[in-house]
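Asker: The file below is protein_29.cif, mmCIF, C-alpha atoms:
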data_target
#
loop_
_atom_site.label_atom_id
_atom_site.label_comp_id
_atom_site.auth_asym_id
_atom_site.auth_seq_id
_atom_site.Cartn_x
_atom_site.Cartn_y
_atom_site.Cartn_z
CA MET A 761 -18.01 42.41 -35.57
CA VAL A 762 -17.05 39.63 -33.17
CA LYS A 763 -17.05 36.19 -34.69
CA SER A 764 -19.12 33.46 -33.03
CA VAL A 765 -17.35 30.58 -31.36
CA SER A 766 -18.69 28.19 -33.99
CA ALA A 767 -17.24 30.31 -36.81
CA VAL A 768 -13.83 30.52 -35.17
CA SER A 769 -13.96 26.81 -34.38
CA SER A 770 -14.81 25.93 -37.99
CA GLU A 771 -11.85 27.91 -39.28
CA THR A 772 -9.52 26.44 -36.67
CA LEU A 773 -10.72 22.88 -37.24
CA ALA A 774 -10.34 23.25 -41.01
CA GLU A 775 -6.75 24.42 -40.54
CA LEU A 776 -5.96 21.57 -38.15
CA ASP A 777 -7.54 19.04 -40.49
CA ALA A 778 -5.41 20.33 -43.36
CA ARG A 779 -2.24 20.11 -41.28
CA ALA A 780 -3.08 16.57 -40.17
CA GLU A 781 -3.62 15.51 -43.78
CA SER A 782 -0.28 17.01 -44.87
CA VAL A 783 1.91 15.48 -42.13
CA SER A 784 4.93 13.85 -43.76
CA SER A 785 7.33 13.14 -40.87
CA ALA A 786 7.36 11.99 -37.28
CA ALA A 787 8.63 15.42 -36.19
CA GLU A 788 5.66 17.16 -37.81
CA ALA A 789 3.27 14.64 -36.27
CA ARG A 790 4.76 15.17 -32.80
CA GLU A 791 4.54 18.94 -33.15
CA LEU A 792 0.89 18.87 -34.23
CA LEU A 793 -0.08 16.33 -31.58
CA ALA A 794 1.53 18.48 -28.87
CA GLU A 795 -0.38 21.51 -30.17
CA LEU A 796 -3.66 19.56 -30.17
CA GLU A 797 -3.00 18.36 -26.63
CA ARG A 798 -2.43 21.93 -25.39
CA LEU A 799 -5.64 23.02 -27.11
CA LYS A 800 -7.48 20.09 -25.52
CA ARG A 801 -6.22 21.11 -22.07
CA HIS A 802 -7.33 24.71 -22.60
CA LEU A 803 -10.79 23.60 -23.73
CA GLU A 804 -11.05 21.28 -20.72
CA VAL A 805 -10.43 24.05 -18.19
CA THR A 806 -12.70 26.45 -20.09
CA THR A 807 -15.45 23.84 -19.87
CA ALA A 808 -14.78 23.41 -16.16
CA ARG A 809 -15.06 27.15 -15.57
CA LEU A 810 -18.34 27.23 -17.50
CA VAL A 811 -19.71 24.29 -15.47
CA ASP A 812 -18.70 26.06 -12.26
CA ARG A 813 -20.50 29.21 -13.39
CA VAL A 814 -23.62 27.19 -14.15
CA SER A 815 -23.39 25.55 -10.72
CA VAL A 816 -22.96 28.83 -8.84
CA SER A 817 -25.73 30.63 -10.72
CA GLY A 818 -28.18 27.76 -10.41
CA CYS A 819 -29.28 28.08 -14.03
CA PHE A 820 -28.91 24.32 -14.46
CA GLN A 821 -32.34 23.96 -12.82
CA GLU A 822 -34.11 25.04 -15.99
CA ASP A 823 -36.03 22.32 -17.86
CA GLY A 824 -36.41 20.29 -14.69
CA CYS A 825 -32.73 19.35 -14.14
CA LEU A 826 -32.03 18.59 -10.48
CA SER A 827 -28.23 18.71 -10.65
CA VAL A 828 -25.39 20.04 -12.75
CA ALA A 829 -24.53 16.49 -13.83
CA THR A 830 -28.08 15.98 -15.06
CA TRP A 831 -27.91 19.30 -16.94
CA LEU A 832 -24.68 18.21 -18.64
CA ARG A 833 -26.21 14.92 -19.70
CA THR A 834 -29.25 16.75 -21.04
CA THR A 835 -27.25 19.41 -22.86
CA VAL A 836 -24.34 17.51 -24.40
CA ASN A 837 -25.38 13.86 -23.98
CA TRP A 838 -22.46 12.89 -21.76
CA PRO A 839 -22.47 9.57 -19.89
CA LEU A 840 -23.08 9.90 -16.16
CA ALA A 841 -19.46 9.12 -15.23
CA GLU A 842 -18.11 11.90 -17.48
CA ALA A 843 -20.71 14.39 -16.23
CA LYS A 844 -19.79 13.67 -12.59
CA ARG A 845 -16.08 13.90 -13.41
CA MET A 846 -16.51 17.34 -14.95
CA VAL A 847 -18.55 18.54 -11.94
CA ARG A 848 -15.68 17.48 -9.66
CA VAL A 849 -13.09 19.16 -11.89
CA ALA A 850 -15.18 22.35 -12.00
CA ASP A 851 -15.44 22.48 -8.21
CA PHE A 852 -11.72 21.78 -7.89
CA VAL A 853 -10.74 24.54 -10.35
CA HIS A 854 -13.09 26.91 -8.49
CA HIS A 855 -11.17 26.31 -5.23
CA TYR A 856 -7.74 26.19 -6.88
CA PRO A 857 -7.78 28.71 -9.77
CA GLN A 858 -3.99 28.50 -10.05
CA VAL A 859 -4.35 24.87 -11.15
CA GLY A 860 -6.87 25.91 -13.79
CA ALA A 861 -4.43 28.56 -15.03
CA SER A 862 -1.65 25.97 -15.34
CA MET A 863 -3.97 23.70 -17.27
CA ALA A 864 -5.03 26.55 -19.57
CA ASP A 865 -1.34 27.23 -20.27
CA GLY A 866 -0.93 23.60 -21.32
CA LEU A 867 1.26 22.65 -18.35
CA LEU A 868 -1.15 20.14 -16.79
CA ALA A 869 -2.90 17.24 -18.51
CA SER A 870 -6.50 16.25 -17.91
CA ALA A 871 -5.75 12.98 -16.11
CA PRO A 872 -3.74 14.38 -13.17
CA VAL A 873 -6.20 17.27 -12.75
CA THR A 874 -9.03 14.73 -12.61
CA ARG A 875 -7.11 12.79 -9.95
CA LEU A 876 -6.51 15.96 -7.93
CA ALA A 877 -10.21 16.80 -8.23
CA ALA A 878 -11.04 13.38 -6.79
CA LEU A 879 -8.75 14.10 -3.83
CA HIS A 880 -10.52 17.43 -3.30
CA ALA A 881 -13.89 15.63 -3.41
CA ASN A 882 -12.78 13.14 -0.72
CA LYS A 883 -14.08 14.86 2.40
CA ARG A 884 -11.68 12.93 4.61
CA VAL A 885 -8.65 14.66 3.04
CA THR A 886 -10.16 17.87 1.62
CA ALA A 887 -8.92 19.99 4.52
CA GLN A 888 -5.34 18.72 4.20
CA LEU A 889 -5.02 19.19 0.44
CA PRO A 890 -4.29 22.97 0.51
CA ASP A 891 -1.06 22.30 2.42
CA PHE A 892 0.11 19.94 -0.33
CA ILE A 893 -1.44 21.36 -3.49
CA ASP A 894 1.67 23.23 -4.70
CA SER A 895 3.90 20.17 -4.41
CA MET A 896 1.16 18.00 -5.91
CA VAL A 897 1.01 20.25 -8.97
CA GLU A 898 4.79 20.08 -9.32
CA TYR A 899 4.66 16.29 -9.21
CA ALA A 900 1.78 16.27 -11.72
CA GLN A 901 3.85 18.34 -14.16
CA ALA A 902 7.02 16.28 -13.74
CA LEU A 903 5.85 12.68 -13.46
CA PRO A 904 4.25 10.35 -16.00
CA CYS A 905 0.47 10.25 -15.49
CA ASP A 906 0.45 6.68 -14.16
CA ASP A 907 3.22 7.44 -11.66
CA PHE A 908 1.41 10.56 -10.46
CA ALA A 909 -1.87 8.65 -10.04
CA HIS A 910 -0.04 6.14 -7.84
CA LEU A 911 1.62 8.92 -5.83
CA ALA A 912 -1.79 10.60 -5.32
CA SER A 913 -3.31 7.32 -4.11
CA ARG A 914 -0.36 6.83 -1.77
CA TRP A 915 -0.83 10.34 -0.33
CA GLU A 916 -4.58 9.83 0.03
CA GLN A 917 -4.04 6.62 1.97
CA LEU A 918 -1.47 8.10 4.32
CA ALA A 919 -3.32 11.40 4.79
CA ASP A 920 -6.36 9.47 5.99
CA ALA A 921 -4.56 6.65 7.77
CA ASP A 922 -7.43 5.89 10.15
CA GLY A 923 -10.00 5.73 7.36
CA THR A 924 -7.63 3.64 5.25
CA HIS A 925 -7.15 1.18 8.09
CA ARG A 926 -10.88 0.80 8.64
CA SER A 927 -11.41 0.38 4.90
CA HIS A 928 -8.80 -2.39 4.77
CA GLU A 929 -10.47 -4.03 7.78
CA ARG A 930 -13.87 -3.98 6.06
CA VAL A 931 -12.45 -5.60 2.94
CA HIS A 932 -10.68 -8.25 5.03
CA ASP A 933 -13.82 -8.99 7.05
CA ASP A 934 -15.79 -9.34 3.81
CA ARG A 935 -13.23 -11.62 2.11
CA ASP A 936 -14.62 -14.47 0.05
CA ALA A 937 -13.56 -16.98 -2.61
CA THR A 938 -15.57 -19.41 -4.70
CA VAL A 939 -14.90 -22.05 -7.36
CA ASN A 940 -17.92 -22.56 -9.61
CA PRO A 941 -18.12 -25.26 -12.33
CA VAL A 942 -20.65 -24.03 -14.92
CA GLY A 943 -21.25 -26.29 -17.90
CA ASN A 944 -17.88 -27.15 -19.42
CA ALA A 945 -16.05 -24.26 -17.74
CA THR A 946 -14.92 -23.49 -14.19
CA TYR A 947 -14.92 -19.95 -12.82
CA LEU A 948 -12.87 -18.68 -9.90
CA ASP A 949 -13.92 -15.56 -8.04
CA ALA A 950 -12.23 -14.08 -4.98
CA ARG A 951 -12.11 -10.86 -3.01
CA LEU A 952 -9.36 -10.34 -0.43
CA GLY A 953 -7.51 -7.50 1.19
CA ASN A 954 -4.24 -6.25 -0.22
CA GLY A 955 -2.30 -7.86 2.63
CA GLN A 956 -3.25 -11.35 1.49
CA GLY A 957 -3.46 -10.25 -2.13
CA ALA A 958 0.18 -9.16 -2.17
CA LEU A 959 1.35 -12.67 -1.33
CA ILE A 960 -1.04 -14.26 -3.82
CA THR A 961 0.10 -11.88 -6.56
CA GLU A 962 3.76 -12.65 -5.88
CA VAL A 963 3.18 -16.41 -6.01
CA PHE A 964 1.06 -16.15 -9.16
CA GLU A 965 3.61 -13.99 -11.00
CA ARG A 966 6.38 -16.47 -10.20
CA PHE A 967 4.33 -19.36 -11.59
CA VAL A 968 3.50 -17.31 -14.72
CA GLN A 969 7.20 -16.67 -15.27
CA ALA A 970 7.90 -20.39 -14.82
CA GLU A 971 5.34 -21.20 -17.53
CA LEU A 972 6.93 -18.61 -19.85
CA SER A 973 10.38 -20.11 -19.21
CA ARG A 974 9.03 -23.52 -20.23
CA ASP A 975 7.69 -22.14 -23.51
CA LEU A 976 10.96 -20.33 -24.23
CA ALA A 977 13.01 -23.47 -23.52
CA GLU A 978 10.76 -25.52 -25.79
CA ARG A 979 11.02 -22.91 -28.56
CA ASP A 980 14.82 -22.79 -28.34
CA ALA A 981 15.12 -26.59 -28.28
CA LEU A 982 13.09 -26.82 -31.49
CA GLY A 983 14.99 -23.95 -33.13
CA LEU A 984 11.82 -21.95 -33.82
CA SER A 985 11.54 -18.21 -34.46
CA PRO A 986 11.53 -15.85 -31.44
CA THR A 987 7.76 -15.30 -31.66
CA SER A 988 6.86 -19.00 -32.01
CA LEU A 989 5.57 -19.87 -28.56
CA SER A 990 3.22 -22.80 -28.03
CA ARG A 991 0.82 -20.90 -25.72
CA THR A 992 -0.69 -17.45 -25.60
CA PRO A 993 -0.16 -15.21 -22.53
CA LYS A 994 -3.69 -15.87 -21.28
CA GLN A 995 -3.19 -19.62 -21.65
CA ARG A 996 0.04 -19.42 -19.65
CA ARG A 997 -1.75 -17.46 -16.92
CA ALA A 998 -4.47 -20.09 -16.70
CA ASP A 999 -1.93 -22.91 -16.63
CA ALA A 1000 0.06 -21.05 -13.96
CA LEU A 1001 -3.01 -20.83 -11.73
CA TYR A 1002 -3.60 -24.54 -12.18
CA ALA A 1003 0.07 -25.21 -11.38
CA VAL A 1004 -0.33 -23.34 -8.07
CA PHE A 1005 -3.15 -25.68 -7.03
CA ALA A 1006 -1.36 -28.73 -8.41
CA ALA A 1007 1.71 -27.89 -6.35
CA ALA A 1008 -0.47 -27.51 -3.24
CA ALA A 1009 -2.12 -30.87 -3.93
CA THR A 1010 1.23 -32.66 -3.63
CA ARG A 1011 1.63 -31.66 -0.01
CA PHE A 1012 -0.96 -31.20 2.69
CA ALA A 1013 1.29 -29.11 4.91
CA PRO A 1014 1.42 -25.43 3.86
CA ALA A 1015 4.36 -24.53 1.65
CA PRO A 1016 6.95 -22.12 3.04
CA GLU A 1017 5.74 -18.55 2.69
CA PRO A 1018 7.41 -16.90 -0.31
CA LEU A 1019 9.21 -13.63 0.09
CA VAL A 1020 7.11 -10.51 -0.46
CA ASN A 1021 9.06 -7.25 -0.48
CA ILE A 1022 7.26 -4.50 1.41
CA VAL A 1023 8.60 -0.94 1.34
CA ILE A 1024 7.63 1.47 4.12
CA ASP A 1025 9.48 4.66 4.91
CA GLN A 1026 10.88 5.14 8.39
CA ARG A 1027 8.66 8.08 9.35
CA THR A 1028 5.45 6.26 8.37
CA TYR A 1029 6.62 3.17 10.25
CA GLU A 1030 7.50 5.08 13.42
CA ARG A 1031 4.31 7.18 13.42
CA THR A 1032 2.15 4.09 12.95
CA LEU A 1033 4.04 2.13 15.60
CA SER A 1034 3.72 5.01 18.07
CA ALA A 1035 -0.05 5.16 17.55
CA MET A 1036 -0.34 1.40 17.99
CA GLU A 1037 1.70 1.46 21.20
CA THR A 1038 -0.45 4.20 22.76
CA GLY A 1039 -3.74 2.92 21.35
CA SER A 1040 -4.45 6.34 19.87
CA ARG A 1041 -6.32 7.08 16.67
CA LEU A 1042 -4.21 7.25 13.53
CA GLY A 1043 -4.02 10.77 12.22
CA SER A 1044 -2.39 11.88 9.00
CA LEU A 1045 0.88 10.09 8.28
CA VAL A 1046 2.17 12.82 5.97
CA GLU A 1047 3.21 16.37 6.78
CA PRO A 1048 3.41 19.45 4.53
CA GLY A 1049 6.88 19.93 3.11
CA GLU A 1050 7.76 16.23 3.09
CA ASN A 1051 8.99 14.72 -0.16
CA LEU A 1052 6.02 12.58 -1.19
CA LEU A 1053 8.30 10.46 -3.36
CA ASP A 1054 9.80 9.14 -0.10
CA THR A 1055 6.51 8.28 1.64
CA ARG A 1056 5.74 4.67 0.84
CA CYS A 1057 3.73 1.80 2.28
CA GLU A 1058 3.37 -0.75 -0.47
CA THR A 1059 4.83 -3.84 -2.09
CA THR A 1060 7.56 -3.42 -4.68
CA ALA A 1061 4.84 -4.10 -7.28
CA GLY A 1062 3.04 -0.94 -6.11
CA VAL A 1063 0.17 -2.57 -4.17
CA LEU A 1064 -0.80 -0.07 -1.46
CA LEU A 1065 -0.99 -1.62 2.01
CA ASP A 1066 -2.45 -0.66 5.36
CA PRO A 1067 0.41 0.72 7.53
CA VAL A 1068 -1.11 -0.99 10.60
CA ASP A 1069 -0.97 -4.37 8.85
CA VAL A 1070 2.60 -3.75 7.71
CA VAL A 1071 3.87 -2.74 11.16
CA ALA A 1072 2.03 -5.61 12.84
CA THR A 1073 3.49 -8.08 10.33
CA SER A 1074 7.00 -6.74 10.92
CA LEU A 1075 6.65 -7.41 14.65
CA VAL A 1076 5.73 -11.08 14.28
CA SER A 1077 7.25 -12.11 10.94
CA HIS A 1078 10.55 -12.06 9.12
CA VAL A 1079 10.97 -9.06 6.85
CA ARG A 1080 13.62 -8.23 4.27
CA ARG A 1081 15.70 -5.27 5.35
CA VAL A 1082 17.38 -3.05 2.76
CA VAL A 1083 20.23 -0.73 3.78
CA VAL A 1084 19.76 2.67 2.15
CA THR A 1085 21.78 5.84 1.78
CA ALA A 1086 20.76 9.19 3.28
CA ALA A 1087 18.89 9.92 0.02
CA GLY A 1088 16.82 6.77 0.41
CA VAL A 1089 18.69 4.80 -2.28
CA PRO A 1090 19.50 1.12 -1.53
CA ILE A 1091 23.25 0.48 -1.43
CA GLY A 1092 24.60 -1.72 -4.24
CA LEU A 1093 27.79 -3.61 -5.05
CA GLY A 1094 29.84 -1.02 -6.98
CA ARG A 1095 32.01 -2.51 -9.73
CA ARG A 1096 32.62 -5.79 -7.96
CA SER A 1097 29.85 -7.41 -10.00
CA ARG A 1098 29.16 -7.20 -13.75
CA LEU A 1099 25.48 -8.19 -13.50
CA PHE A 1100 22.57 -7.13 -11.32
CA THR A 1101 21.69 -10.29 -9.41
CA GLY A 1102 20.31 -11.36 -6.05
CA GLY A 1103 19.94 -8.58 -3.49
CA THR A 1104 21.35 -5.96 -5.84
CA ARG A 1105 18.69 -6.70 -8.44
CA ALA A 1106 15.93 -6.66 -5.80
CA ALA A 1107 17.22 -3.35 -4.43
CA ALA A 1108 17.38 -1.85 -7.92
CA LEU A 1109 13.72 -2.74 -8.52
CA LEU A 1110 12.64 -0.98 -5.33
CA ARG A 1111 12.79 2.37 -7.15
CA ARG A 1112 10.60 1.28 -10.06
CA ARG A 1113 9.30 -2.16 -10.96
CA ARG A 1114 8.22 -1.58 -14.59
CA CYS A 1115 10.19 -0.62 -17.71
CA ILE A 1116 11.21 3.06 -17.61
CA TRP A 1117 10.83 3.58 -21.37
CA PRO A 1118 8.12 6.20 -22.06
CA GLY A 1119 4.80 4.50 -22.79
CA CYS A 1120 6.04 1.03 -21.83
CA HIS A 1121 4.58 -0.72 -18.80
CA VAL A 1122 6.12 -4.19 -19.15
CA LEU A 1123 6.64 -5.75 -15.73
CA THR A 1124 9.25 -8.38 -16.63
CA CYS A 1125 12.49 -6.40 -16.92
CA ASP A 1126 16.24 -6.62 -17.00
CA VAL A 1127 18.14 -4.26 -14.71
CA ASP A 1128 20.25 -2.07 -16.98
CA HIS A 1129 23.34 0.05 -16.33
CA ARG A 1130 22.38 3.68 -16.94
CA VAL A 1131 26.04 4.46 -17.58
CA PRO A 1132 27.28 1.34 -19.43
CA TRP A 1133 29.66 -1.00 -17.64
CA ALA A 1134 32.16 -0.58 -20.49
CA GLN A 1135 32.20 3.17 -19.85
CA GLY A 1136 32.90 2.81 -16.13
CA GLY A 1137 29.33 2.55 -14.85
CA GLY A 1138 29.03 0.67 -11.57
CA THR A 1139 26.70 -2.19 -10.73
CA ASP A 1140 24.86 -0.25 -8.06
CA VAL A 1141 21.34 1.01 -7.55
CA GLU A 1142 22.23 4.61 -8.34
CA ASN A 1143 23.28 3.49 -11.83
CA SER A 1144 20.36 1.15 -12.54
CA ASP A 1145 17.07 1.22 -14.45
CA PRO A 1146 14.58 -1.54 -15.22
CA LEU A 1147 14.18 -2.06 -18.98
CA CYS A 1148 12.18 -4.70 -20.81
CA ARG A 1149 14.24 -6.83 -23.20
CA ARG A 1150 13.04 -4.95 -26.29
CA HIS A 1151 14.02 -1.53 -24.97
CA ASN A 1152 17.20 -2.83 -23.35
CA ARG A 1153 18.34 -3.91 -26.83
CA LEU A 1154 17.15 -0.63 -28.35
CA LYS A 1155 19.29 1.32 -25.91
CA THR A 1156 22.42 -0.07 -27.60
CA HIS A 1157 21.44 1.80 -30.79
CA GLY A 1158 22.43 5.24 -29.49
CA TYR A 1159 19.69 5.93 -26.95
CA ILE A 1160 20.86 7.12 -23.53
CA THR A 1161 19.09 7.58 -20.20
CA HIS A 1162 19.34 10.40 -17.67
CA TYR A 1163 18.13 10.20 -14.06
CA ASP A 1164 16.36 13.23 -12.56
CA GLU A 1165 17.09 13.44 -8.83
CA ALA A 1166 14.19 15.84 -8.22
CA THR A 1167 11.45 13.62 -9.64
CA ARG A 1168 13.20 10.23 -9.11
CA SER A 1169 12.46 9.40 -12.73
CA THR A 1170 14.55 8.50 -15.78
CA ARG A 1171 14.41 10.32 -19.13
CA VAL A 1172 15.28 8.63 -22.41
CA ILE A 1173 17.31 10.66 -24.92
CA THR A 1174 17.18 9.71 -28.61
CA PRO A 1175 20.35 9.38 -30.73
CA ASP A 1176 19.73 12.89 -32.15
CA GLY A 1177 19.53 14.40 -28.65
CA ARG A 1178 15.74 14.69 -28.34
CA PRO A 1179 14.26 13.74 -24.96
CA LEU A 1180 11.32 11.32 -25.12
CA THR A 1181 9.10 13.36 -22.84
CA PRO A 1182 5.41 14.12 -23.35
CA VAL A 1183 4.03 17.64 -23.57
#
Output the structure of this file as structure tokens.
Answerer:
Amino acid sequence: MVKSVSAVSSETLAELDARAESVSSAAEARELLAELERLKRHLEVTTARLVDRVSVSGCFQEDGCLSVATWLRTTVNWPLAEAKRMVRVADFVHHYPQVGASMADGLLASAPVTRLAALHANKRVTAQLPDFIDSMVEYAQALPCDDFAHLASRWEQLADADGTHRSHERVHDDRDATVNPVGNATYLDARLGNGQGALITEVFERFVQAELSRDLAERDALGLSPTSLSRTPKQRRADALYAVFAAAATRFAPAPEPLVNIVIDQRTYERTLSAMETGSRLGSLVEPGENLLDTRCETTAGVLLDPVDVVATSLVSHVRRVVVTAAGVPIGLGRRSRLFTGGTRAAALLRRRRCIWPGCHVLTCDVDHRVPWAQGGGTDVENSDPLCRRHNRLKTHGYITHYDEATRSTRVITPDGRPLTPV
């Protein structure tokens, strides 16, 4: 006699509960969590296949439901956003069964599959996705979820360059900013395009860092503990914003424009420039077979920009040029310098702005030697990684890093030889 799903589930859940209760080490916890994640991925794709079957058969229309999303909300009480997400995933898995198979095998997490499903649902790039789906899946398996989401957004923007440009134009035309005193508080609200926003973000971050430096100097002068800072991060951000306006109030002439680093790959630049010169419509700026890790049109902080704006700016403004090797790596200073400073530091942060430690997304980083200076490692971009101060110190306790040329990412290896990589 075949057991019902509920009976099998009850037995399985009871076993998993017992294992969770008996965990006594980090290794056991990691092993169980990885097993639970694989099970979660299998259940996700099974649900997607069921939802697709319901959609194709039309049986969702029973009890007055007008759509599959409505049926899901009625049946399992999902919020609308989750119901719509699952409908997109189901349609995506229907068109790309090989992706569903990879997910069922535990090789793909839910987040990147959801992002791929959103690309498939975007009618402006749906027809192009089949030419890139295999490489996209490889990136999804190899990259951290946040990095893959950014790569997918980058591809979506370049694949629909004309639509992206018009979208940026609409945002720019609809830009607005207000300052509203309400009672004993003042509220600032603004909406601008990424072109202007990139400069504002750069200025704001520099003022925030200046406020942090003031707190650190005050702490050190008073001999307080490392965590004894006079202001919270949100207070420093507010004071930094005020400092921006206070600095502007001291001079009526505009301050010199600060440097914003914009990274655009040569092929995207040339294709966009060619279209602008001929007045032709922008087509796709990516081609099948290209390494998507090399296609970029963004600030070094990862803000995606309109290629038309970037090319136009380069023709009328000063831009920072970075000399790169044939592999697209900025050239550094070898062993002539002990520390990453100036242009070398800026070039090192072109590859990745945030801390490379798994699970860490701190933006303020030191640039670390992957192979230590004392062991012959050079002060060049090919031997550099951004690490926050906490993880830079932790690396001296036996942790090592290894750079993967294929995925352009860095793996952290524990002192006992275990790579800190997710399932």
Asker: Name the residues that the PyMOL selection byres ((chain A and resi 944-951) around 12) picks from the file above, as a PyMOL selection string, using the file's chain letters and numbers.
Answerer: chain A and resi 928+930-943+952-957+960+998+1001-1002
Asker: Output the residue selection produced by the PyMOL selection byres ((chain A and resi 1114-1129) around 10) on the file above, formatted as a ChimeraX atom specification.
Answerer: /A:904,906,965,969,1061-1062,1098-1101,1104-1106,1108-1109,1111-1113,1130-1134,1136-1152,1155,1161,1169-1172,1180-1182
Asker: As an exercise, work out the distance from CA of Lys994 in chain A to CA of Cys905 in chain A in Å and give it to one decimal place.
Answerer: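 The value is 27.1 Å.
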Asker: Evaluated on this file, the PyMOL selection byres ((chain A and resi 915-927) around 8) picks out some residues - which ones are they, written as number ranges by chain?
Answerer: A: 879, 884-885, 888, 911-914, 928-931, 1041-1046, 1052, 1055, 1066-1068
Asker: Give the answer as one residue: which of A:Val816, A:Val859, A:Val836, A:Ala843 has the shortest atom-to-atom distance to Asp894 in chain A, using all atoms listed in the file?
Answerer: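 Smallest separation from Asp894 in chain A among the options: A:Val859.
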Asker: Distance CA of Asp975 in chain A-CA of Leu959 in chain A, one decimal place?
Answerer: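 Between these atoms lies a distance of 24.9 Å.
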Asker: As an exercise, work out the distance from CA of Lys883 in chain A to CA of Arg848 in chain A in Å and give it to one decimal place.
Answerer: 12.4 Å
Asker: With a distance cut-off of 12 Å and all atoms listed in the file, select the neighbouring residues of Thr807 in chain A, excluding the residue or stretch itself and same-chain residues fewer than 3 positions from it, and output the selection as a list in words.
Answerer: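 What passes the distance filter is Lys800, Arg801, His802, Leu803, Glu804, Leu810, Val811, Asp812, Arg813, Val814, Leu832, Val836, Ala843, Arg845, Met846, Val847, Val849, Ala850, Asp851, Val853, Gly860, Met863, Ala864 and Ser870 of chain A.
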Asker: Would you kindly return, as a CSV table (one decimal) with C-alpha atoms, in the coordinates of the input, each protein, DNA or RNA residue with an atom no farther than 12 Å from any atom of Ala1003 in chain A, considering all atoms listed in the file and excluding same-chain residues fewer than 5 positions away?
Answerer:
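For reference, out-v5.csv as written:
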chain,number,residue,atom,x,y,z
A,963,VAL,CA,3.2,-16.4,-6.0
A,964,PHE,CA,1.1,-16.2,-9.2
A,965,GLU,CA,3.6,-14.0,-11.0
A,966,ARG,CA,6.4,-16.5,-10.2
A,967,PHE,CA,4.3,-19.4,-11.6
A,968,VAL,CA,3.5,-17.3,-14.7
A,969,GLN,CA,7.2,-16.7,-15.3
A,970,ALA,CA,7.9,-20.4,-14.8
A,971,GLU,CA,5.3,-21.2,-17.5
A,996,ARG,CA,0.0,-19.4,-19.6
A,997,ARG,CA,-1.8,-17.5,-16.9
A,998,ALA,CA,-4.5,-20.1,-16.7
A,1008,ALA,CA,-0.5,-27.5,-3.2
A,1009,ALA,CA,-2.1,-30.9,-3.9
A,1010,THR,CA,1.2,-32.7,-3.6
Asker: Neighbouring residues of Thr1167 in chain A were defined as those with any atom within 7 Å, considering all atoms listed in the file; residues of the same chain fewer than 3 positions away were excluded. Please report them as a VMD selection string.
Answerer: chain A and resid 902 to 903 1164
Asker: Find, counting all atoms listed in the file, the residue in A:His1162, A:His910, A:His880, A:Arg798 that gets nearest to Ser862 in chain A.
Answerer: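 Of A:His1162, A:His910, A:His880, A:Arg798, the one nearest Ser862 in chain A, counting all atoms listed in the file, is A:Arg798.
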